[in-house]
file final23.cif (mmCIF, C-alpha atoms)
data_entry
loop_
_atom_site.label_atom_id
_atom_site.label_comp_id
_atom_site.auth_asym_id
_atom_site.auth_seq_id
_atom_site.Cartn_x
_atom_site.Cartn_y
_atom_site.Cartn_z
CA GLY A 124 8.32 -25.60 7.85
CA ALA A 125 10.64 -23.99 5.37
CA VAL A 126 10.88 -20.22 5.32
CA VAL A 127 11.15 -17.88 2.37
CA SER A 128 11.81 -14.22 2.95
CA GLN A 129 11.48 -11.19 0.70
CA HIS A 130 13.08 -7.81 0.93
CA PRO A 131 11.88 -5.16 0.97
CA SER A 132 8.35 -5.77 2.15
CA TRP A 133 7.25 -2.57 0.52
CA VAL A 134 8.88 0.05 -1.69
CA ILE A 135 7.85 3.30 -3.28
CA CYS A 136 9.82 4.55 -6.23
CA LYS A 137 9.58 7.22 -8.87
CA SER A 138 8.65 6.47 -12.42
CA GLY A 139 11.69 5.64 -14.53
CA THR A 140 13.80 4.23 -11.71
CA SER A 141 14.70 0.59 -11.11
CA VAL A 142 13.80 -1.47 -8.09
CA LYS A 143 15.38 -4.72 -6.89
CA ILE A 144 13.43 -7.26 -4.88
CA GLU A 145 15.18 -10.14 -3.13
CA CYS A 146 13.81 -13.57 -2.43
CA ARG A 147 15.70 -15.84 -0.05
CA SER A 148 15.18 -19.38 1.08
CA LEU A 149 16.34 -19.23 4.68
CA ASP A 150 16.78 -22.83 5.69
CA PHE A 151 16.90 -24.77 2.48
CA GLN A 152 18.43 -24.57 -0.94
CA ALA A 153 16.34 -23.81 -3.97
CA THR A 154 17.67 -24.32 -7.47
CA THR A 155 14.36 -23.01 -8.75
CA MET A 156 12.26 -20.12 -7.55
CA PHE A 157 9.13 -18.59 -8.98
CA TRP A 158 8.04 -14.99 -9.24
CA TYR A 159 4.38 -14.04 -9.20
CA ARG A 160 2.57 -10.74 -9.55
CA GLN A 161 -0.74 -9.97 -7.93
CA PHE A 162 -2.85 -6.94 -8.73
CA PRO A 163 -5.35 -5.68 -6.14
CA LYS A 164 -8.23 -8.05 -5.55
CA GLN A 165 -6.91 -10.40 -8.20
CA SER A 166 -5.14 -13.70 -8.24
CA LEU A 167 -1.46 -14.50 -8.60
CA MET A 168 -0.02 -14.61 -12.07
CA LEU A 169 3.19 -16.50 -12.68
CA MET A 170 5.74 -14.16 -14.22
CA ALA A 171 8.85 -16.26 -14.49
CA THR A 172 10.80 -19.25 -13.27
CA SER A 173 14.18 -18.42 -11.82
CA ASN A 174 16.86 -21.05 -12.30
CA GLU A 175 20.13 -21.10 -10.39
CA GLY A 176 23.03 -20.95 -12.80
CA SER A 177 20.99 -20.40 -15.93
CA LYS A 178 18.61 -17.95 -17.52
CA ALA A 179 15.15 -17.40 -16.17
CA THR A 180 12.14 -18.65 -18.07
CA TYR A 181 9.48 -16.01 -18.62
CA GLU A 182 5.78 -16.50 -19.09
CA GLN A 183 4.15 -15.30 -22.25
CA GLY A 184 3.57 -11.58 -22.18
CA VAL A 185 6.19 -10.84 -19.52
CA GLU A 186 9.00 -8.63 -20.77
CA LYS A 187 12.31 -10.17 -19.81
CA ASP A 188 14.18 -6.92 -20.37
CA LYS A 189 11.88 -5.13 -17.98
CA PHE A 190 11.79 -7.76 -15.27
CA LEU A 191 15.37 -8.90 -14.83
CA ILE A 192 15.84 -12.04 -12.81
CA ASN A 193 19.11 -13.23 -11.35
CA HIS A 194 19.39 -16.45 -9.40
CA ALA A 195 22.77 -15.73 -7.87
CA SER A 196 22.98 -18.61 -5.44
CA LEU A 197 21.05 -21.59 -4.18
CA THR A 198 19.28 -19.40 -1.64
CA LEU A 199 18.81 -16.09 -3.44
CA SER A 200 16.86 -14.89 -6.44
CA THR A 201 16.40 -11.24 -7.32
CA LEU A 202 13.80 -9.53 -9.45
CA THR A 203 14.68 -6.10 -10.79
CA VAL A 204 11.91 -3.99 -12.22
CA THR A 205 13.68 -1.69 -14.64
CA SER A 206 12.41 1.73 -15.66
CA ALA A 207 9.37 1.25 -13.49
CA HIS A 208 6.08 2.83 -14.45
CA PRO A 209 2.86 3.26 -12.43
CA GLU A 210 1.33 0.25 -14.18
CA ASP A 211 4.08 -1.88 -12.62
CA SER A 212 2.67 -1.12 -9.20
CA SER A 213 1.67 -4.47 -7.79
CA PHE A 214 2.31 -7.08 -5.14
CA TYR A 215 5.22 -9.31 -6.09
CA ILE A 216 5.51 -12.72 -4.45
CA CYS A 217 8.21 -15.33 -4.81
CA SER A 218 8.08 -19.00 -3.99
CA ALA A 219 10.52 -21.85 -3.70
CA PRO A 220 9.76 -25.55 -3.90
CA GLN A 221 11.00 -28.10 -1.47
CA GLY A 222 10.34 -31.79 -1.58
CA ARG A 223 8.10 -33.39 -4.12
CA TYR A 224 5.12 -31.05 -4.04
CA GLU A 225 5.69 -28.55 -1.27
CA GLN A 226 6.15 -24.95 -2.23
CA TYR A 227 6.82 -22.10 0.15
CA PHE A 228 5.87 -18.52 -0.52
CA GLY A 229 7.52 -15.34 0.59
CA PRO A 230 5.51 -12.65 2.37
CA GLY A 231 5.42 -10.49 -0.74
CA THR A 232 6.71 -7.07 -1.73
CA ARG A 233 4.34 -4.23 -2.44
CA LEU A 234 5.70 -1.94 -5.14
CA THR A 235 4.20 1.47 -5.69
CA VAL A 236 5.50 3.53 -8.59
CA THR A 237 4.65 7.21 -8.45
CA SER B 288 -4.10 -17.46 -18.28
CA GLN B 289 -5.92 -18.44 -15.13
CA GLN B 290 -6.99 -22.05 -15.09
CA GLY B 291 -8.73 -22.24 -11.78
CA GLU B 292 -11.99 -20.51 -11.19
CA GLU B 293 -13.34 -20.26 -7.69
CA ASP B 294 -16.84 -19.61 -6.63
CA PRO B 295 -18.18 -17.80 -4.88
CA GLN B 296 -15.94 -14.79 -5.34
CA ALA B 297 -16.93 -13.57 -1.92
CA LEU B 298 -18.54 -15.33 1.01
CA SER B 299 -19.72 -13.89 4.29
CA ILE B 300 -20.77 -16.15 7.15
CA GLN B 301 -21.29 -16.09 10.89
CA GLU B 302 -18.69 -17.55 13.19
CA GLY B 303 -19.39 -21.21 13.80
CA GLU B 304 -20.93 -21.82 10.41
CA ASN B 305 -19.32 -23.91 7.70
CA ALA B 306 -17.82 -22.31 4.62
CA THR B 307 -17.65 -24.07 1.27
CA MET B 308 -15.62 -22.83 -1.65
CA ASN B 309 -15.45 -24.41 -5.06
CA CYS B 310 -12.80 -24.45 -7.73
CA SER B 311 -12.90 -25.59 -11.33
CA TYR B 312 -10.03 -26.14 -13.68
CA LYS B 313 -9.60 -26.94 -17.33
CA THR B 314 -6.67 -29.22 -17.99
CA SER B 315 -5.24 -32.43 -16.57
CA ILE B 316 -3.45 -32.08 -13.27
CA ASN B 317 -1.11 -34.02 -11.03
CA ASN B 318 -2.40 -32.37 -7.91
CA LEU B 319 -4.49 -29.49 -6.66
CA GLN B 320 -3.63 -27.29 -3.72
CA TRP B 321 -5.47 -24.79 -1.61
CA TYR B 322 -3.81 -21.71 -0.23
CA ARG B 323 -4.86 -18.98 2.12
CA GLN B 324 -3.84 -15.35 1.91
CA ASN B 325 -4.46 -12.76 4.55
CA SER B 326 -4.85 -9.26 3.21
CA GLY B 327 -1.58 -7.95 1.83
CA ARG B 328 0.38 -10.97 2.93
CA GLY B 329 1.98 -14.01 1.35
CA LEU B 330 0.35 -17.35 0.79
CA VAL B 331 0.03 -20.13 3.30
CA HIS B 332 -0.30 -23.66 2.04
CA LEU B 333 -3.35 -25.40 3.45
CA ILE B 334 -3.72 -28.75 1.80
CA LEU B 335 -2.72 -30.72 -1.27
CA ILE B 336 -4.81 -33.39 -2.90
CA ARG B 337 -3.38 -35.66 -5.55
CA SER B 338 -5.22 -36.51 -8.73
CA ASN B 339 -5.83 -40.07 -7.56
CA GLU B 340 -7.40 -38.93 -4.30
CA ARG B 341 -11.02 -38.01 -3.86
CA GLU B 342 -11.11 -36.52 -0.39
CA LYS B 343 -8.66 -35.30 2.17
CA HIS B 344 -8.96 -33.90 5.67
CA SER B 345 -6.73 -31.66 7.72
CA GLY B 346 -8.11 -30.38 10.99
CA ARG B 347 -11.19 -28.31 10.18
CA LEU B 348 -10.48 -28.48 6.48
CA ARG B 349 -11.99 -30.96 4.08
CA VAL B 350 -11.05 -30.99 0.42
CA THR B 351 -12.69 -33.00 -2.31
CA LEU B 352 -11.53 -33.55 -5.85
CA ASP B 353 -13.60 -34.73 -8.80
CA THR B 354 -11.29 -35.15 -11.76
CA SER B 355 -14.15 -36.16 -14.05
CA LYS B 356 -15.74 -32.76 -13.45
CA LYS B 357 -12.42 -31.01 -13.06
CA SER B 358 -13.54 -29.48 -9.81
CA SER B 359 -12.57 -29.30 -6.16
CA SER B 360 -14.17 -27.97 -3.03
CA LEU B 361 -12.76 -26.69 0.22
CA LEU B 362 -14.90 -26.94 3.32
CA ILE B 363 -13.98 -25.12 6.50
CA THR B 364 -16.04 -26.34 9.42
CA ALA B 365 -16.89 -24.38 12.54
CA SER B 366 -15.45 -21.20 11.08
CA ARG B 367 -13.67 -18.64 13.23
CA ALA B 368 -13.12 -14.95 12.77
CA ALA B 369 -9.45 -15.75 12.22
CA ASP B 370 -10.40 -17.71 9.11
CA THR B 371 -11.19 -14.43 7.39
CA ALA B 372 -8.91 -14.38 4.35
CA SER B 373 -8.82 -15.06 0.63
CA TYR B 374 -8.60 -18.67 -0.43
CA PHE B 375 -7.08 -19.80 -3.71
CA CYS B 376 -6.91 -23.11 -5.43
CA ALA B 377 -3.84 -23.83 -7.50
CA THR B 378 -3.15 -26.51 -10.02
CA ASP B 379 0.21 -27.70 -11.22
CA ARG B 380 1.19 -27.53 -14.83
CA SER B 381 0.97 -30.80 -16.63
CA GLY B 382 4.14 -32.83 -16.52
CA ALA B 383 5.64 -34.78 -13.71
CA GLY B 384 7.55 -32.79 -11.18
CA SER B 385 6.25 -29.45 -12.35
CA TYR B 386 6.16 -26.88 -9.58
CA GLN B 387 4.65 -24.15 -11.69
CA LEU B 388 1.26 -23.32 -10.29
CA THR B 389 -1.76 -21.76 -11.92
CA PHE B 390 -3.95 -19.99 -9.42
CA GLY B 391 -7.67 -19.45 -9.45
CA LYS B 392 -9.24 -16.07 -8.87
CA GLY B 393 -9.89 -16.78 -5.24
CA THR B 394 -12.75 -16.60 -2.78
CA LYS B 395 -12.74 -13.85 -0.20
CA LEU B 396 -14.14 -15.25 3.01
CA SER B 397 -15.39 -13.01 5.78
CA VAL B 398 -16.29 -14.63 9.08
CA ILE B 399 -18.36 -12.37 11.27
CA PRO B 400 -17.81 -12.80 15.01
#

call {"tool": "encode", "arguments": {"input": "final23.cif", "output": "structure tokens"}}
result
Amino acid sequence: GAVVSQHPSWVICKSGTSVKIECRSLDFQATTMFWYRQFPKQSLMLMATSNEGSKATYEQGVEKDKFLINHASLTLSTLTVTSAHPEDSSFYICSAPQGRYEQYFGPGTRLTVT
Amino acid sequence: SQQGEEDPQALSIQEGENATMNCSYKTSINNLQWYRQNSGRGLVHLILIRSNEREKHSGRLRVTLDTSKKSSSLLITASRAADTASYFCATDRSGAGSYQLTFGKGTKLSVIP
């Protein structure tokens, strides 16, 4: 099946710094990718839809200036958490659709802000 | 907001037993999917059932869908210790071709060897 990778798999940063997370579709092209956030022992919450060549669409309550999304190519979307704070600590997962219904998820990135 | 609600939230069974997890949702859907997540890992797609289907099988998995009750169930037969994971149902947003998924809260399954 299709493979989606994320980098880094985990990152620790200091409060106030910015962190970039990459999501790549390795063997297929994705004009759309999705970014989810998952807090411990909770479900995934859709944060935004990343669109290649256009602006991302953010879910209600997600600050677009804090979570910058850039879909630079058909195989790469990046999520930058700007001025990170401890409450941004979470597990961030991306996904990319392929075919009519299939969607492939990355392995996730665990962000810890100290 | 979360549309899907799974129950039970946690389930512990002995290896070899069957595990049943339920999911309810609130709005119209095109399809419903079940995913598995091992601790601290990404999601693995298990099975998709379309709104016009009532039951679907894949190996040891059996999924049912009752659109009149807006509910689905996932049955894992002859469970194995390796089935230990969290299981989520996910529904697509209304609208044809929508890939945006709304996930339920999940059921944490523990299979005791």

call {"tool": "resolve_selection", "arguments": {"input": "final23.cif", "expression": "the PyMOL selection byres ((chain A) within 12 of (chain B))", "output": "PyMOL selection string"}}
result
chain A and resi 124-129+132-133+154-173+180-184+213-234

call {"tool": "resolve_selection", "arguments": {"input": "final23.cif", "expression": "the PyMOL selection byres ((chain B and resi 397) around 7)", "output": "list of chain:residue names"}}
result
B:Leu298, B:Ser299, B:Ile300, B:Thr371, B:Ala372, B:Lys395, B:Leu396, B:Val398, B:Ile399

call {"tool": "resolve_selection", "arguments": {"input": "final23.cif", "expression": "the PyMOL selection byres ((chain B and resi 347-350) around 12)", "output": "JSON, numbers by chain"}}
result
{"B": [303, 304, 305, 306, 307, 308, 309, 310, 319, 320, 321, 322, 323, 333, 334, 335, 336, 337, 340, 341, 342, 343, 344, 345, 346, 351, 352, 353, 358, 359, 360, 361, 362, 363, 364, 365, 366, 367, 370, 376]}

call {"tool": "atom_distance", "arguments": {"input": "final23.cif", "atom1": "CA of Lys143 in chain A", "atom2": "CA of Glu186 in chain A"}}
result
15.8 Å

call {"tool": "atom_distance", "arguments": {"input": "final23.cif", "atom1": "CA of Asp150 in chain A", "atom2": "CA of Leu191 in chain A"}}
result
24.8 Å

call {"tool": "atom_distance", "arguments": {"input": "final23.cif", "atom1": "CA of Val134 in chain A", "atom2": "CA of Ser212 in chain A"}}
result
9.8 Å

call {"tool": "residues_around", "arguments": {"input": "final23.cif", "residues": "Phe190 in chain A", "least_positions_apart": "4", "cutoff": "8 Å", "atoms": "all atoms listed in the file", "output": "PyMOL selection string"}}
result
chain A and resi 185-186+202-205

call {"tool": "closest_residue", "arguments": {"input": "final23.cif", "among": "B:Pro400, B:Ala369, B:Arg380, B:Lys356", "to": "Ser311 in chain B", "atoms": "only C-alpha atoms"}}
result
B:Lys356

call {"tool": "residues_near_point", "arguments": {"input": "final23.cif", "point": "(6.3, 4.3, -5.2)", "cutoff": "10 Å", "atoms": "all atoms listed in the file", "output": "number ranges by chain"}}
result
A: 133-138, 140, 142, 207-209, 211-212, 233-237

call {"tool": "residues_near_point", "arguments": {"input": "final23.cif", "point": "(17.4, -13.8, -6.5)", "cutoff": "8 Å", "atoms": "only C-alpha atoms", "output": "PyMOL selection string"}}
result
chain A and resi 144-147+173+192-196+198-202

call {"tool": "write_last_selection", "arguments": {"input": "final23.cif", "atoms": "C-alpha atoms", "output": "compact mmCIF listing (two decimals), in the frame of the given file"}}
result
# COMPACT_ATOMS: atom_id res chain seq x y z
CA ILE A 144 13.43 -7.26 -4.88
CA GLU A 145 15.18 -10.14 -3.13
CA CYS A 146 13.81 -13.57 -2.43
CA ARG A 147 15.70 -15.84 -0.05
CA SER A 173 14.18 -18.42 -11.82
CA ILE A 192 15.84 -12.04 -12.81
CA ASN A 193 19.11 -13.23 -11.35
CA HIS A 194 19.39 -16.45 -9.40
CA ALA A 195 22.77 -15.73 -7.87
CA SER A 196 22.98 -18.61 -5.44
CA THR A 198 19.28 -19.40 -1.64
CA LEU A 199 18.81 -16.09 -3.44
CA SER A 200 16.86 -14.89 -6.44
CA THR A 201 16.40 -11.24 -7.32
CA LEU A 202 13.80 -9.53 -9.45
